[in-house]
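Take a look at the structure below.
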Amino acid sequence: MRLTVGQLADAAGMTVRNIRNHQSRGLLPPPEIESRTGYYGERHLERLRLIQEMQGDGYNLEAIRRLLSGSALRRVATMPVEVPEVLGADELARRFGGADVVALAEAERLGVLRPLGDGRFEVPSPALLRGAEEAVARGLGLDAALRVVAEVRASCEAMARTFVDVFHREHLGDGDDPVAAVESLRPVAARTVAALFDQAMAAEASRRLSA
């Protein structure tokens, strides 16, 4: 995708003036210059859509700039404390009693595994992989375990949006650091979700067993 600033503005539903303003604020990466013409790509369009979404959530442009800065993104992205592991295909097959090509492809799509080449895979969340391994050991098929990961991840993303949206509306002011606020919210959200999940799991198990 190669777009002039006018084409980018049309694709994003914005004015050229707004795009120039975002660039001057450091919200948008510079275009590639070719023969004195700036060309924009998919990453620029995605960034503009993200900015629009964040504005819709109530963030002002300065808060968005701080959130989109390299240091802020790194701080948010590195919140999880797990250290990734690297496993070979043979080790994965041993732990899961064999893994077919379709299952591996689905695990890669879900981000459970990241292929490194030469039959090696990075595991971003060893705890998540151990959970899937334990589920398989208890008789759940690998395909079913991966379906659970996909469905639960969608629910977790919805819960995360709820926490951040409510916290932003009720607590975060213009002078607060949005990244620090999210960092402080994370353990509170984790404890709340764990407690609610325990209650829901017990209630659902009781309902199924008494049916």
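We label chains A, B, ... in the order they appear in the structure tokens, count residues from 1 in each chain, and number ligands from 1 in the order shown.
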Residues near segment 85-98 of chain A, anyone? I mean within 12 Å using only C-alpha atoms, not counting same-chain ones fewer than 6 positions away, as a ChimeraX atom specification. /A:104,107,112-143,145
Non-local contacts of His44 of chain A (9 Å; only C-alpha atoms; under 6 positions in same chain excluded) as number ranges by chain: A: 8, 28-31
All residues 10 Å or closer to Glu32 of chain A, only C-alpha atoms, same chain fewer than 6 positions away omitted, as a VMD selection string: chain A and resid 2 38 to 41
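The space between atom CA of Leu45 of chain A and atom CA of Glu62 of chain A spans 19.5 Å.
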Polymer residues at most 8 Å from segment 47-56 of chain A, only C-alpha atoms, same-chain spacing of 4 or more positions, as a PyMOL selection string: chain A and resi 12+28+43+60-61+64
Nearby residues (only C-alpha atoms) at most 8 Å from segment 189-199 of chain A, same-chain spacing under 4 positions excluded, as a VMD selection string: chain A and resid 163 185 203
Using the selection just defined, write its residues with N, CA and C atoms as a JSON list (two decimals), in the first residue's frame.
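Wrote out36.json, looks like this:
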```json
[["chain", "number", "residue", "atom", "x", "y", "z"],
["A", 163, "PHE", "N", -12.17, -2.99, 32.34],
["A", 163, "PHE", "CA", -11.40, -2.43, 33.45],
["A", 163, "PHE", "C", -10.76, -1.10, 33.06],
["A", 185, "LEU", "N", -3.34, -0.69, 37.85],
["A", 185, "LEU", "CA", -4.63, -1.37, 37.75],
["A", 185, "LEU", "C", -4.49, -2.86, 37.54],
["A", 203, "ALA", "N", -20.28, -22.32, 40.55],
["A", 203, "ALA", "CA", -21.71, -22.28, 40.24],
["A", 203, "ALA", "C", -22.03, -23.11, 39.01]]
```
Among chain A, which residues does DSSP mark as alpha helix (DSSP H) when it is run on the backbone? Keep the chain and numbering as in the structure and answer as a PyMOL selection string. chain A and resi 5-12+16-24+42-56+61-68+70-77+89-96+101-109+126-137+142-170+178-210
I need the residues from that last selection saved to file as a compact mmCIF listing (two decimals), in the first residue's frame (with C-alpha atoms), if you can.
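The resulting file, selection.txt, is reproduced below:
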```txt
# COMPACT_ATOMS: atom_id res chain seq x y z
CA VAL A 5 -1.33 12.24 2.19
CA GLY A 6 -4.61 13.02 0.42
CA GLN A 7 -5.32 9.33 -0.21
CA LEU A 8 -4.43 8.51 3.39
CA ALA A 9 -6.83 11.19 4.61
CA ASP A 10 -9.64 9.73 2.47
CA ALA A 11 -8.94 6.17 3.68
CA ALA A 12 -8.94 7.26 7.33
CA VAL A 16 -5.09 16.40 5.50
CA ARG A 17 -4.80 19.15 8.09
CA ASN A 18 -5.54 16.68 10.91
CA ILE A 19 -2.92 14.27 9.60
CA ARG A 20 -0.34 17.07 9.46
CA ASN A 21 -1.30 18.00 13.01
CA HIS A 22 -0.80 14.41 14.21
CA GLN A 23 2.62 14.36 12.55
CA SER A 24 3.67 17.60 14.20
CA GLU A 42 -0.67 0.32 6.08
CA ARG A 43 1.07 1.08 9.38
CA HIS A 44 0.15 4.77 9.04
CA LEU A 45 -3.49 3.94 8.38
CA GLU A 46 -3.58 1.55 11.34
CA ARG A 47 -2.02 4.21 13.57
CA LEU A 48 -4.65 6.77 12.54
CA ARG A 49 -7.44 4.30 13.24
CA LEU A 50 -5.94 3.55 16.65
CA ILE A 51 -5.76 7.27 17.44
CA GLN A 52 -9.41 7.68 16.46
CA GLU A 53 -10.40 4.72 18.64
CA MET A 54 -8.49 6.10 21.62
CA GLN A 55 -10.06 9.53 21.13
CA GLY A 56 -13.44 7.81 21.13
CA LEU A 61 -4.00 13.83 22.10
CA GLU A 62 -1.26 14.36 24.69
CA ALA A 63 -2.25 11.21 26.57
CA ILE A 64 -2.33 9.32 23.27
CA ARG A 65 1.12 10.65 22.37
CA ARG A 66 2.52 9.38 25.68
CA LEU A 67 0.85 6.01 25.27
CA LEU A 68 2.14 5.64 21.71
CA GLY A 70 8.33 4.05 22.33
CA SER A 71 9.03 4.03 26.07
CA ALA A 72 5.36 3.88 26.99
CA LEU A 73 4.65 1.05 24.58
CA ARG A 74 7.61 -0.91 25.91
CA ARG A 75 6.43 -0.44 29.50
CA VAL A 76 2.92 -1.63 28.69
CA ALA A 77 4.14 -4.48 26.48
CA ALA A 89 9.28 -29.74 17.79
CA ASP A 90 10.34 -33.04 19.40
CA GLU A 91 9.85 -31.63 22.91
CA LEU A 92 6.43 -30.27 21.99
CA ALA A 93 5.39 -33.62 20.54
CA ARG A 94 6.59 -35.38 23.70
CA ARG A 95 4.70 -33.06 26.02
CA PHE A 96 1.48 -33.23 24.03
CA VAL A 101 0.52 -29.69 11.46
CA VAL A 102 -3.01 -28.29 11.85
CA ALA A 103 -2.67 -28.03 15.64
CA LEU A 104 0.72 -26.35 15.33
CA ALA A 105 -0.67 -23.85 12.85
CA GLU A 106 -3.55 -23.01 15.18
CA ALA A 107 -1.17 -22.61 18.14
CA GLU A 108 0.89 -20.19 16.03
CA ARG A 109 -2.24 -18.26 15.00
CA PRO A 126 5.07 -20.91 29.45
CA ALA A 127 2.24 -20.86 32.01
CA LEU A 128 -0.35 -20.89 29.23
CA LEU A 129 1.41 -23.78 27.51
CA ARG A 130 1.55 -25.70 30.81
CA GLY A 131 -2.16 -25.11 31.25
CA ALA A 132 -2.85 -26.58 27.80
CA GLU A 133 -0.51 -29.48 28.58
CA GLU A 134 -2.33 -30.25 31.84
CA ALA A 135 -5.70 -30.08 30.07
CA VAL A 136 -4.50 -32.59 27.47
CA ALA A 137 -3.11 -34.83 30.23
CA LEU A 142 -5.34 -30.66 21.86
CA ASP A 143 -7.75 -29.15 19.33
CA ALA A 144 -10.30 -28.63 22.11
CA ALA A 145 -7.66 -27.10 24.40
CA LEU A 146 -6.73 -24.61 21.69
CA ARG A 147 -10.40 -23.73 21.17
CA VAL A 148 -10.64 -22.99 24.88
CA VAL A 149 -7.58 -20.72 24.61
CA ALA A 150 -9.20 -18.80 21.73
CA GLU A 151 -12.54 -18.38 23.51
CA VAL A 152 -11.05 -17.47 26.89
CA ARG A 153 -8.64 -15.00 25.27
CA ALA A 154 -11.59 -13.19 23.66
CA SER A 155 -13.29 -13.00 27.06
CA CYS A 156 -10.09 -11.72 28.69
CA GLU A 157 -9.72 -9.00 26.06
CA ALA A 158 -13.30 -7.89 26.75
CA MET A 159 -12.63 -7.84 30.51
CA ALA A 160 -9.43 -5.85 30.01
CA ARG A 161 -11.32 -3.25 27.97
CA THR A 162 -13.96 -3.01 30.69
CA PHE A 163 -11.40 -2.43 33.45
CA VAL A 164 -9.39 0.14 31.51
CA ASP A 165 -12.49 1.98 30.28
CA VAL A 166 -14.04 2.21 33.74
CA PHE A 167 -10.75 3.19 35.37
CA HIS A 168 -10.20 5.87 32.75
CA ARG A 169 -13.68 7.36 33.14
CA GLU A 170 -13.73 7.31 36.93
CA PRO A 178 -1.82 6.74 31.71
CA VAL A 179 0.85 4.04 31.57
CA ALA A 180 1.46 4.16 35.34
CA ALA A 181 -2.29 4.06 35.88
CA VAL A 182 -2.65 0.90 33.79
CA GLU A 183 0.32 -0.69 35.58
CA SER A 184 -1.28 -0.03 38.97
CA LEU A 185 -4.63 -1.37 37.75
CA ARG A 186 -3.30 -4.69 36.48
CA PRO A 187 -2.90 -6.56 39.84
CA VAL A 188 -6.28 -5.27 41.05
CA ALA A 189 -7.94 -6.50 37.87
CA ALA A 190 -6.18 -9.88 38.11
CA ARG A 191 -7.39 -10.47 41.68
CA THR A 192 -10.93 -9.42 40.80
CA VAL A 193 -11.11 -11.67 37.74
CA ALA A 194 -9.66 -14.64 39.67
CA ALA A 195 -12.24 -14.26 42.46
CA LEU A 196 -15.16 -13.91 40.05
CA PHE A 197 -13.96 -16.84 37.96
CA ASP A 198 -13.74 -19.10 41.02
CA GLN A 199 -17.33 -18.22 41.93
CA ALA A 200 -18.57 -18.71 38.36
CA MET A 201 -16.72 -22.04 37.99
CA ALA A 202 -18.20 -23.40 41.22
CA ALA A 203 -21.71 -22.28 40.24
CA GLU A 204 -21.44 -23.77 36.75
CA ALA A 205 -20.06 -27.07 38.04
CA SER A 206 -22.88 -27.28 40.59
CA ARG A 207 -25.48 -26.54 37.92
CA ARG A 208 -24.13 -29.20 35.56
CA LEU A 209 -23.82 -31.86 38.26
CA SER A 210 -27.34 -31.27 39.55
```
How far is it from atom CA of Met1 of chain A to atom CA of Asp57 of chain A, in Å with one decimal?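 Calculated distance between atom CA of Met1 of chain A and atom CA of Asp57 of chain A is 28.2 Å.
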Would you compute the distance between atom CA of Gly26 of chain A and atom CA of Leu3 of chain A? Give it in Å to one decimal. 19.4 Å
